[in-house]
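Undergrad: Quick one: the structure is below, and I'll ask about it shortly.
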Amino acid sequence: MKFVIVLVTLFAIGLARPDVQTVRNDAEVLPESFHFGVETNDGTRHDAEGHLKVLDKEHATLVVKGSYQFVAKDGHTYTVEYVADENGYQAQGAHLPHV
């Protein structure tokens, strides 16, 4: 499943803008953890790492921590740091509203 997520992400980046080139692409997928990083020449990057967290004898969840950044049409660079775990997806960024 993790491999599919990484593959789909990289494929989507490639289709989104054919004039954009990948300048960094690394990934390692292990049975209970993974990490990947991808960066393009337009300032877009995405880095993430994840591991399997055992909650109890019958339940486990995938914990993912990462960040991504992109340059928007307004010329500003936006960065989002996130955690996705048993508590859901929690994103933080200077441009995002604080709850």
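Scheme for the structure tokens: letters A, B, ... for chains in order shown; per-chain residue numbers from 1; ligand numbers from 1 in order shown.
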Pick out the residues sitting within 6 Å of Phe70 (chain A), and hand them over as an mmCIF file with all heavy atoms, in the first residue's frame; count only C-alpha atoms, and ignore anything fewer than 2 positions along from it in its own chain.
TA:
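Output saved as out02.cif:
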data_model
loop_
_atom_site.group_PDB
_atom_site.id
_atom_site.type_symbol
_atom_site.label_atom_id
_atom_site.label_comp_id
_atom_site.auth_asym_id
_atom_site.auth_seq_id
_atom_site.Cartn_x
_atom_site.Cartn_y
_atom_site.Cartn_z
ATOM 1 N N GLY A 43 10.594 24.117 -7.515
ATOM 2 C CA GLY A 43 10.498 24.447 -6.105
ATOM 3 C C GLY A 43 9.549 23.574 -5.319
ATOM 4 O O GLY A 43 9.369 23.765 -4.118
ATOM 5 N N THR A 44 8.936 22.595 -5.957
ATOM 6 C CA THR A 44 8.036 21.681 -5.274
ATOM 7 C C THR A 44 8.853 20.573 -4.622
ATOM 8 O O THR A 44 9.788 20.057 -5.225
ATOM 9 C CB THR A 44 7.037 21.062 -6.268
ATOM 10 O OG1 THR A 44 6.290 22.108 -6.876
ATOM 11 C CG2 THR A 44 6.099 20.087 -5.597
ATOM 12 N N THR A 77 5.983 30.898 -1.801
ATOM 13 C CA THR A 77 6.260 29.501 -1.480
ATOM 14 C C THR A 77 5.473 29.135 -0.228
ATOM 15 O O THR A 77 5.556 29.820 0.789
ATOM 16 C CB THR A 77 7.759 29.283 -1.242
ATOM 17 O OG1 THR A 77 8.470 29.627 -2.440
ATOM 18 C CG2 THR A 77 8.053 27.836 -0.884
ATOM 19 N N TYR A 78 4.707 28.083 -0.319
ATOM 20 C CA TYR A 78 3.889 27.613 0.789
ATOM 21 C C TYR A 78 4.441 26.276 1.276
ATOM 22 O O TYR A 78 4.760 25.405 0.465
ATOM 23 C CB TYR A 78 2.434 27.448 0.362
ATOM 24 C CG TYR A 78 1.787 28.769 -0.005
ATOM 25 C CD1 TYR A 78 1.772 29.214 -1.323
ATOM 26 C CD2 TYR A 78 1.232 29.572 0.973
ATOM 27 C CE1 TYR A 78 1.188 30.431 -1.650
ATOM 28 C CE2 TYR A 78 0.648 30.795 0.665
ATOM 29 C CZ TYR A 78 0.637 31.211 -0.659
ATOM 30 O OH TYR A 78 0.065 32.417 -0.972
#
Undergrad: Please extract the residues of chain A with a backbone DSSP assignment of helix (DSSP H, G or I) and present them as number ranges by chain.
TA: A: 2-16
Undergrad: Would you export the selected residues with C-alpha atoms as a PDB file, in the first residue's frame, please?
TA:
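Once everything was written out, this is selection.pdb:
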ATOM      1  CA  LYS A   2       2.772   2.440   0.916  1.00  0.00           C
ATOM      2  CA  PHE A   3       4.535   1.704  -2.338  1.00  0.00           C
ATOM      3  CA  VAL A   4       1.330   2.448  -4.252  1.00  0.00           C
ATOM      4  CA  ILE A   5       0.960   5.820  -2.481  1.00  0.00           C
ATOM      5  CA  VAL A   6       4.535   6.799  -3.332  1.00  0.00           C
ATOM      6  CA  LEU A   7       4.158   5.618  -6.928  1.00  0.00           C
ATOM      7  CA  VAL A   8       0.875   7.479  -7.449  1.00  0.00           C
ATOM      8  CA  THR A   9       2.343  10.662  -5.944  1.00  0.00           C
ATOM      9  CA  LEU A  10       5.353  10.565  -8.246  1.00  0.00           C
ATOM     10  CA  PHE A  11       3.176   9.753 -11.254  1.00  0.00           C
ATOM     11  CA  ALA A  12       0.840  12.672 -10.483  1.00  0.00           C
ATOM     12  CA  ILE A  13       3.766  15.072 -10.239  1.00  0.00           C
ATOM     13  CA  GLY A  14       5.022  13.899 -13.606  1.00  0.00           C
ATOM     14  CA  LEU A  15       1.654  14.338 -15.293  1.00  0.00           C
ATOM     15  CA  ALA A  16       0.867  17.676 -13.716  1.00  0.00           C
TER      16      ALA A  16
END
Undergrad: Could you pull out the strand (DSSP E or B) residues of chain A, going by DSSP on the backbone, and write them as a ChimeraX atom specification?
TA: /A:22-29,33-40,45-54,60-71,77-85,88-92
Undergrad: Record the distance separating CA of Thr79 (chain A) and CA of Ala91 (chain A), expressed in Å with one decimal.
TA: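 So the two atoms, CA of Thr79 (chain A) and CA of Ala91 (chain A), lie 10.1 Å apart.
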Undergrad: Could you list, with a cut-off of 10 Å and counting only C-alpha atoms, the residues of region 24-58 of chain A near region 80-89 of chain A, each shown with its nearest atom pair and the distance in Å rounded to one decimal, rows sorted by chain and ascending number, as CSV?
TA:
residue,atom,partner,partner_atom,distance
A:His46,CA,A:Val80,CA,9.5
A:Asp47,CA,A:Glu81,CA,9.6
A:Ala48,CA,A:Tyr82,CA,9.1
A:Glu49,CA,A:Val83,CA,9.8
A:Gly50,CA,A:Ala84,CA,9.1
A:His51,CA,A:Asp85,CA,9.9
A:Leu52,CA,A:Asp85,CA,9.7
A:Lys53,CA,A:Asp85,CA,8.8
A:Leu55,CA,A:Glu86,CA,9.0
Undergrad: Put those residues in a file: N, CA and C atoms, as an mmCIF file, in the first residue's frame.
TA:
data_model
loop_
_atom_site.group_PDB
_atom_site.id
_atom_site.type_symbol
_atom_site.label_atom_id
_atom_site.label_comp_id
_atom_site.auth_asym_id
_atom_site.auth_seq_id
_atom_site.Cartn_x
_atom_site.Cartn_y
_atom_site.Cartn_z
ATOM 1 N N HIS A 46 8.369 17.149 -1.547
ATOM 2 C CA HIS A 46 7.539 16.381 -0.618
ATOM 3 C C HIS A 46 8.436 15.343 0.029
ATOM 4 N N ASP A 47 8.491 15.373 1.353
ATOM 5 C CA ASP A 47 9.255 14.404 2.126
ATOM 6 C C ASP A 47 8.323 13.803 3.168
ATOM 7 N N ALA A 48 8.426 12.501 3.365
ATOM 8 C CA ALA A 48 7.587 11.844 4.373
ATOM 9 C C ALA A 48 8.269 10.588 4.868
ATOM 10 N N GLU A 49 7.909 10.240 6.076
ATOM 11 C CA GLU A 49 8.355 8.973 6.651
ATOM 12 C C GLU A 49 7.201 8.410 7.458
ATOM 13 N N GLY A 50 7.145 7.108 7.526
ATOM 14 C CA GLY A 50 6.052 6.482 8.245
ATOM 15 C C GLY A 50 6.487 5.183 8.872
ATOM 16 N N HIS A 51 5.746 4.793 9.880
ATOM 17 C CA HIS A 51 6.007 3.521 10.540
ATOM 18 C C HIS A 51 4.701 2.956 11.091
ATOM 19 N N LEU A 52 4.721 1.691 11.327
ATOM 20 C CA LEU A 52 3.569 1.004 11.885
ATOM 21 C C LEU A 52 3.598 1.151 13.402
ATOM 22 N N LYS A 53 2.493 1.618 13.971
ATOM 23 C CA LYS A 53 2.382 1.791 15.422
ATOM 24 C C LYS A 53 1.352 0.802 15.946
ATOM 25 N N LEU A 55 -1.209 -0.312 18.483
ATOM 26 C CA LEU A 55 -2.047 0.328 19.495
ATOM 27 C C LEU A 55 -2.391 -0.625 20.635
#
Undergrad: Distance CA of Ala60 (chain A)-CA of Gln92 (chain A), one decimal place?
TA: 24.7 Å
Undergrad: What separation in Å, quoted to one decimal, exists between CA of Asp42 (chain A) and CA of Val71 (chain A)?
TA: 7.4 Å
Undergrad: Taking only C-alpha atoms into account, name the residue in A:His35, A:Arg24, A:Arg45, A:His98 that is nearest to Lys65 (chain A).
TA: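 Going through A:His35, A:Arg24, A:Arg45, A:His98 one by one, the smallest distance to Lys65 (chain A) is for A:His35.
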Undergrad: Hey, which of A:Val63, A:Val20, A:Ala94, A:Ala72 ends up closest to Thr40 (chain A)? Count only C-alpha atoms.
TA: A:Val20
